[in-house]
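Engineer: Enclosed is the structure file upload.pdb (PDB, C-alpha atoms and all ligand atoms).
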```pdb
ATOM      1  CA  MET A   1       5.342   0.248  20.601
ATOM      2  CA  ASN A   2       1.824   1.705  20.214
ATOM      3  CA  ILE A   3       1.691   5.513  20.031
ATOM      4  CA  ARG A   4      -0.713   8.409  19.484
ATOM      5  CA  ILE A   5       0.291  10.680  16.585
ATOM      6  CA  GLU A   6      -0.482  14.421  16.657
ATOM      7  CA  PHE A   7      -2.329  15.729  13.588
ATOM      8  CA  GLY A   8       0.079  17.824  11.483
ATOM      9  CA  SER A   9       3.259  16.525  13.190
ATOM     10  CA  PRO A  10       6.261  15.057  11.300
ATOM     11  CA  LEU A  11       5.060  11.589  12.339
ATOM     12  CA  TYR A  12       1.623  12.405  10.886
ATOM     13  CA  ASP A  13       3.348  13.155   7.552
ATOM     14  CA  GLU A  14       5.079   9.765   7.844
ATOM     15  CA  SER A  15       1.684   8.146   8.468
ATOM     16  CA  LEU A  16       0.302   9.738   5.279
ATOM     17  CA  SER A  17       3.190   8.206   3.302
ATOM     18  CA  LEU A  18       2.483   4.795   4.833
ATOM     19  CA  ARG A  19      -1.261   5.076   4.084
ATOM     20  CA  ASN A  20      -0.491   6.165   0.532
ATOM     21  CA  GLU A  21       1.891   3.237   0.000
ATOM     22  CA  VAL A  22      -0.388   0.556   1.506
ATOM     23  CA  LEU A  23      -3.920   1.783   0.760
ATOM     24  CA  ARG A  24      -3.872   4.196  -2.178
ATOM     25  CA  ILE A  25      -1.000   3.562  -4.646
ATOM     26  CA  PRO A  26      -2.004  -0.119  -5.187
ATOM     27  CA  LEU A  27      -5.445   1.180  -6.311
ATOM     28  CA  GLY A  28      -3.967   3.909  -8.526
ATOM     29  CA  LEU A  29      -5.293   6.599  -6.154
ATOM     30  CA  LYS A  30      -3.790   9.456  -4.125
ATOM     31  CA  PHE A  31      -4.902  11.463  -1.101
ATOM     32  CA  LYS A  32      -6.626  14.758  -1.756
ATOM     33  CA  ILE A  33      -6.047  17.772   0.485
ATOM     34  CA  LYS A  34      -9.791  17.865   1.258
ATOM     35  CA  ASP A  35      -9.666  14.263   2.617
ATOM     36  CA  ILE A  36      -6.823  15.152   4.959
ATOM     37  CA  ALA A  37      -8.369  18.442   6.119
ATOM     38  CA  THR A  38     -11.268  16.494   7.681
ATOM     39  CA  GLU A  39      -8.892  14.490   9.890
ATOM     40  CA  TYR A  40      -7.910  17.149  12.428
ATOM     41  CA  ASP A  41     -10.463  15.889  14.970
ATOM     42  CA  SER A  42      -9.677  12.174  14.519
ATOM     43  CA  TYR A  43      -7.300  10.151  16.688
ATOM     44  CA  HIS A  44      -4.256   8.893  14.795
ATOM     45  CA  LEU A  45      -2.702   5.787  16.333
ATOM     46  CA  GLY A  46       0.467   4.103  15.148
ATOM     47  CA  TYR A  47       2.940   1.327  15.800
ATOM     48  CA  LEU A  48       6.649   2.210  16.008
ATOM     49  CA  LEU A  49       9.336  -0.420  15.510
ATOM     50  CA  GLU A  50      12.917   0.707  16.196
ATOM     51  CA  GLY A  51      11.884   4.313  15.546
ATOM     52  CA  SER A  52      10.095   3.636  12.246
ATOM     53  CA  LEU A  53       6.360   3.897  11.755
ATOM     54  CA  VAL A  54       5.189   0.476  10.507
ATOM     55  CA  GLY A  55       1.460   0.648  11.345
ATOM     56  CA  ILE A  56      -1.274   3.273  11.325
ATOM     57  CA  LEU A  57      -5.004   3.585  11.892
ATOM     58  CA  ILE A  58      -7.482   6.379  12.546
ATOM     59  CA  LEU A  59     -10.370   6.594  15.006
ATOM     60  CA  LYS A  60     -13.054   9.062  13.971
ATOM     61  CA  PRO A  61     -15.635   9.865  16.655
ATOM     62  CA  GLU A  62     -19.230   9.818  15.406
ATOM     63  CA  LEU A  63     -22.461  10.304  17.329
ATOM     64  CA  HIS A  64     -22.964   6.817  18.801
ATOM     65  CA  HIS A  65     -19.783   4.994  17.855
ATOM     66  CA  VAL A  66     -16.217   5.484  16.757
ATOM     67  CA  LYS A  67     -15.265   4.660  13.174
ATOM     68  CA  MET A  68     -11.956   2.890  12.529
ATOM     69  CA  ARG A  69     -10.374   3.928   9.213
ATOM     70  CA  GLN A  70      -7.194   3.644   7.181
ATOM     71  CA  VAL A  71      -5.798   0.543   8.918
ATOM     72  CA  ALA A  72      -2.443  -0.107   7.248
ATOM     73  CA  ILE A  73       0.627  -2.151   8.142
ATOM     74  CA  ALA A  74       3.842  -1.723   6.089
ATOM     75  CA  PRO A  75       4.007  -4.636   3.583
ATOM     76  CA  GLU A  76       7.241  -6.124   4.987
ATOM     77  CA  PHE A  77       5.718  -6.191   8.514
ATOM     78  CA  GLN A  78       2.321  -7.717   7.692
ATOM     79  CA  ASN A  79       1.296 -11.085   9.194
ATOM     80  CA  LYS A  80       3.565 -10.602  12.220
ATOM     81  CA  GLY A  81       0.863  -9.700  14.749
ATOM     82  CA  ILE A  82       1.350  -5.904  14.519
ATOM     83  CA  GLY A  83      -2.131  -5.220  13.091
ATOM     84  CA  LYS A  84      -3.675  -7.190  15.930
ATOM     85  CA  LYS A  85      -1.702  -5.224  18.571
ATOM     86  CA  LEU A  86      -2.598  -1.886  16.957
ATOM     87  CA  VAL A  87      -6.326  -2.677  16.707
ATOM     88  CA  SER A  88      -6.339  -3.878  20.323
ATOM     89  CA  PHE A  89      -4.689  -0.565  21.364
ATOM     90  CA  ALA A  90      -7.324   1.320  19.334
ATOM     91  CA  GLU A  91     -10.114  -0.573  21.138
ATOM     92  CA  ASP A  92      -8.623   0.379  24.535
ATOM     93  CA  TYR A  93      -8.284   3.967  23.298
ATOM     94  CA  ALA A  94     -11.884   4.060  22.075
ATOM     95  CA  ARG A  95     -13.081   2.846  25.495
ATOM     96  CA  PHE A  96     -10.861   5.451  27.174
ATOM     97  CA  ILE A  97     -12.492   8.280  25.186
ATOM     98  CA  GLY A  98     -15.942   6.970  26.110
ATOM     99  CA  PHE A  99     -17.140   4.795  23.219
ATOM    100  CA  THR A 100     -18.711   1.334  23.485
ATOM    101  CA  LYS A 101     -18.895   0.461  19.798
ATOM    102  CA  ILE A 102     -16.472   0.450  16.838
ATOM    103  CA  GLU A 103     -17.581   0.380  13.196
ATOM    104  CA  LEU A 104     -15.452   0.030  10.079
ATOM    105  CA  ASN A 105     -15.729  -0.607   6.360
ATOM    106  CA  ALA A 106     -13.536  -3.645   5.688
ATOM    107  CA  ARG A 107     -12.050  -4.521   2.339
ATOM    108  CA  ASP A 108     -13.014  -8.063   1.353
ATOM    109  CA  THR A 109      -9.379  -9.161   1.724
ATOM    110  CA  ALA A 110      -9.218  -7.860   5.317
ATOM    111  CA  ILE A 111     -12.464  -9.463   6.575
ATOM    112  CA  PRO A 112     -10.684 -12.607   7.936
ATOM    113  CA  PHE A 113      -8.306 -10.333   9.880
ATOM    114  CA  TYR A 114     -11.182  -8.456  11.570
ATOM    115  CA  LYS A 115     -13.154 -11.681  12.141
ATOM    116  CA  SER A 116     -10.127 -13.045  14.014
ATOM    117  CA  LEU A 117     -10.517  -9.998  16.304
ATOM    118  CA  ASN A 118     -14.261 -10.665  16.839
ATOM    119  CA  TYR A 119     -15.678  -8.031  14.478
ATOM    120  CA  LYS A 120     -18.966  -9.084  12.838
ATOM    121  CA  VAL A 121     -20.180  -8.307   9.317
ATOM    122  CA  LEU A 122     -23.338  -6.164   9.240
ATOM    123  CA  GLY A 123     -25.500  -6.001   6.105
ATOM    124  CA  ASP A 124     -24.637  -6.396   2.430
ATOM    125  CA  SER A 125     -21.316  -5.597   0.804
ATOM    126  CA  PHE A 126     -20.832  -2.369  -1.189
ATOM    127  CA  ILE A 127     -18.224  -0.681  -3.389
ATOM    128  CA  GLU A 128     -15.873   1.954  -1.949
ATOM    129  CA  VAL A 129     -12.710   3.303  -3.666
ATOM    130  CA  GLY A 130     -13.568   0.827  -6.435
ATOM    131  CA  ILE A 131     -13.373  -2.336  -4.304
ATOM    132  CA  VAL A 132     -15.816  -4.528  -2.373
ATOM    133  CA  HIS A 133     -16.230  -3.626   1.308
ATOM    134  CA  SER A 134     -18.456  -4.776   4.165
ATOM    135  CA  LYS A 135     -19.503  -2.909   7.278
ATOM    136  CA  MET A 136     -18.162  -4.617  10.415
ATOM    137  CA  ILE A 137     -18.898  -3.813  14.050
ATOM    138  CA  LYS A 138     -17.675  -4.725  17.520
ATOM    139  CA  SER A 139     -19.096  -3.870  20.930
ATOM    140  CA  LEU A 140     -16.368  -2.875  23.355
TER
HETATM  141  C1  LIG A 201      -5.077  -6.321   7.036
HETATM  142  C2  LIG A 201      -3.892  -5.887   7.890
HETATM  143  C3  LIG A 201      -4.205  -4.565   8.581
HETATM  144  C4  LIG A 201      -3.666  -6.972   8.971
HETATM  145  O1  LIG A 201      -2.551  -6.626   9.780
HETATM  146  P1  LIG A 201      -1.389  -7.709  10.035
HETATM  147  O2  LIG A 201      -0.378  -7.110  10.938
HETATM  148  O3  LIG A 201      -0.902  -8.166   8.701
HETATM  149  O4  LIG A 201      -2.213  -8.891  10.734
HETATM  150  P2  LIG A 201      -1.786  -9.732  12.032
HETATM  151  O5  LIG A 201      -0.450 -10.378  11.737
HETATM  152  O6  LIG A 201      -1.869  -8.891  13.260
HETATM  153  O7  LIG A 201      -2.936 -10.837  12.035
HETATM  154  C5  LIG A 201      -3.825 -10.985  13.134
HETATM  155  C6  LIG A 201      -4.704 -12.181  12.886
HETATM  156  O8  LIG A 201      -5.451 -12.021  11.686
HETATM  157  C7  LIG A 201      -5.195 -13.089  10.795
HETATM  158  N1  LIG A 201      -5.121 -12.560   9.442
HETATM  159  C8  LIG A 201      -4.483 -11.446   9.020
HETATM  160  N2  LIG A 201      -4.672 -11.253   7.696
HETATM  161  C9  LIG A 201      -5.418 -12.323   7.297
HETATM  162  C10 LIG A 201      -5.949 -12.728   6.041
HETATM  163  N3  LIG A 201      -5.778 -12.001   4.927
HETATM  164  N4  LIG A 201      -6.671 -13.888   5.985
HETATM  165  C11 LIG A 201      -6.864 -14.639   7.104
HETATM  166  N5  LIG A 201      -6.416 -14.289   8.326
HETATM  167  C12 LIG A 201      -5.703 -13.157   8.409
HETATM  168  C13 LIG A 201      -3.842 -13.635  11.219
HETATM  169  O9  LIG A 201      -3.695 -14.987  10.845
HETATM  170  C14 LIG A 201      -3.894 -13.457  12.712
HETATM  171  O10 LIG A 201      -4.655 -14.500  13.320
HETATM  172  P3  LIG A 201      -4.172 -15.198  14.702
HETATM  173  O11 LIG A 201      -4.206 -14.118  15.737
HETATM  174  O12 LIG A 201      -5.171 -16.258  14.902
HETATM  175  O13 LIG A 201      -2.778 -15.676  14.429
HETATM  176  C15 LIG A 201      -2.586  -5.745   7.071
HETATM  177  O14 LIG A 201      -2.249  -6.990   6.500
HETATM  178  C16 LIG A 201      -2.650  -4.698   5.974
HETATM  179  O15 LIG A 201      -2.263  -3.547   6.194
HETATM  180  N6  LIG A 201      -3.120  -5.102   4.779
HETATM  181  C17 LIG A 201      -3.174  -4.203   3.620
HETATM  182  C18 LIG A 201      -4.121  -3.024   3.837
HETATM  183  C19 LIG A 201      -5.514  -3.432   4.261
HETATM  184  O16 LIG A 201      -6.132  -4.305   3.676
HETATM  185  N7  LIG A 201      -6.000  -2.745   5.310
HETATM  186  C20 LIG A 201      -7.340  -2.954   5.821
HETATM  187  C21 LIG A 201      -8.280  -2.081   5.090
HETATM  188  S1  LIG A 201      -9.950  -2.340   5.636
END
```
Could you quickly redo this structure as structure tokens?
Ligand SMILES: CC(C)(COP(=O)(O)OP(=O)(O)OC[C@H]1O[C@@H](n2cnc3c(N)ncnc32)[C@H](O)[C@@H]1OP(=O)(O)O)[C@@H](O)C(=O)NCCC(=O)NCCS
Structural biologist:
Amino acid sequence: MNIRIEFGSPLYDESLSLRNEVLRIPLGLKFKIKDIATEYDSYHLGYLLEGSLVGILILKPELHHVKMRQVAIAPEFQNKGIGKKLVSFAEDYARFIGFTKIELNARDTAIPFYKSLNYKVLGDSFIEVGIVHSKMIKSL
């Protein structure tokens, strides 16, 4: 089930653990308080399976588009279609809050996933958190 998570709620804390496990610990990194403090005005969307949070992403409104960040599916639930359902929910949500374009910085390993959802690579690749990323966009 797709859900919206309130910033600062117990489920938000669960989402931080999931993001840490999937996106940070494998890179030898951790979240800093200052990173999290900037998230109060973002939309936190998740996927619940039998009461457990197994997927998370963030939509951050910018001037002309919404930025999709921190897309993470729990390792044991990857490749089961959950990421696709969550991104599709996020696209509907972005339209609902008035945006017509989504941008994201995709890790190299995730580019085929986003391409399968019709995101297009824009420009050259670059390094972020020590790994190769590419900007990808989709018109809604
Ligand atoms: C990348 C990630 C979000 C994808 O979510 P997922 O639930 O595993 O993906 P899904 O099962 O919904 O896959 C949807 C489609 O993408 C394709 N896909 C997913 N990962 C893929 C990969 N690495 N290579 C090729 N295709 C891939 C699937 O085959 C599927 O295609 P289909 O609809 O034609 O069957 C998830 O695997 C993940 O959290 N990975 C680790 C963290 C990460 O890299 N996050 C993204 C940071 S930018």
Engineer: When the PyMOL selection byres (((not hetatm)) within 10 of (chain A and resi 201)) is applied to the file above, which residues end up in the set, as a ChimeraX atom specification?
Structural biologist: /A:18-19,21-24,26,54-57,68-88,104-117,133-136
Engineer: Which range 83-133 of chain A residues have any atom within 12 Å of an atom of range 60-64 of chain A, and for each, what is the nearest pair of atoms with distance in Å to one decimal, counting all atoms listed in the file, rows sorted by chain and number, as a Markdown table?
Structural biologist:
```
| residue | atom | partner | partner_atom | distance |
| --- | --- | --- | --- | --- |
| A:Ala90 | CA | A:Lys60 | CA | 11.0 |
| A:Tyr93 | CA | A:Pro61 | CA | 11.5 |
| A:Ala94 | CA | A:Pro61 | CA | 8.8 |
| A:Arg95 | CA | A:Pro61 | CA | 11.6 |
| A:Ile97 | CA | A:Pro61 | CA | 9.2 |
| A:Gly98 | CA | A:Pro61 | CA | 9.9 |
| A:Phe99 | CA | A:His64 | CA | 7.6 |
| A:Thr100 | CA | A:His64 | CA | 8.4 |
| A:Lys101 | CA | A:His64 | CA | 7.6 |
| A:Ile102 | CA | A:His64 | CA | 9.3 |
| A:Glu103 | CA | A:Lys60 | CA | 9.8 |
| A:Leu104 | CA | A:Lys60 | CA | 10.1 |
```
Engineer: Just the number, please: distance in Å from CA of His65 in chain A to CA of Ser15 in chain A, one decimal.
Structural biologist: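 Going from CA of His65 in chain A over to CA of Ser15 in chain A, I get 23.6 Å.
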Engineer: For a quick check of understanding, using all atoms listed in the file, which of A:Ile127, A:Val132, A:Ile5, A:Ala37 has the smallest distance to Leu59 in chain A?
Structural biologist: A:Ile5
Engineer: How many Å lie between CA of Asp41 in chain A and CA of Val66 in chain A, rounded to one decimal?
Structural biologist: 12.0 Å
Engineer: I'd like to know which of A:Leu140, A:Tyr43, A:Lys32, A:Lys67 is closest to Glu91 in chain A, using all atoms listed in the file.
Structural biologist: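 Answer, going by the shortest atom-to-atom distance: A:Leu140.
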Engineer: For the provided coordinates, the residues matched by the PyMOL selection byres (((chain A and resi 51) around 12) and not hetatm) should be stated as an MDAnalysis selection string.
Structural biologist: chainID A and resid 1:3 11 14 46:50 52:55
Engineer: Restricting the calculation to all atoms listed in the file: of A:Gly8, A:Ile58, A:Asp92, A:Leu122, which residue gets closest to Leu45 in chain A?
Structural biologist: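 Of A:Gly8, A:Ile58, A:Asp92, A:Leu122, the one nearest Leu45 in chain A is A:Ile58, counting all atoms listed in the file.
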Engineer: Separation of CA of Tyr40 in chain A and CA of Asp13 in chain A, in Å?
Structural biologist: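 According to the coordinates, CA of Tyr40 in chain A and CA of Asp13 in chain A are separated by 12.9 Å.
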Engineer: May I ask which of the residues A:Phe31, A:Ser42, A:Ile36, A:Ser9 is the closest one to Val129 in chain A, counting all atoms listed in the file?
Structural biologist: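 That would be A:Phe31, the residue with the smallest distance to Val129 in chain A.
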Engineer: If I wrap all listed atoms of range 90-103 of chain A in a box with edges along x, y and z and add 4 Å on each side, what are its centre and edge lengths in Å to one decimal, as AutoDock Vina command-line options?
Structural biologist:
```
--center_x -13.1 --center_y 3.9 --center_z 20.2 --size_x 19.6 --size_y 16.9 --size_z 22.0
```
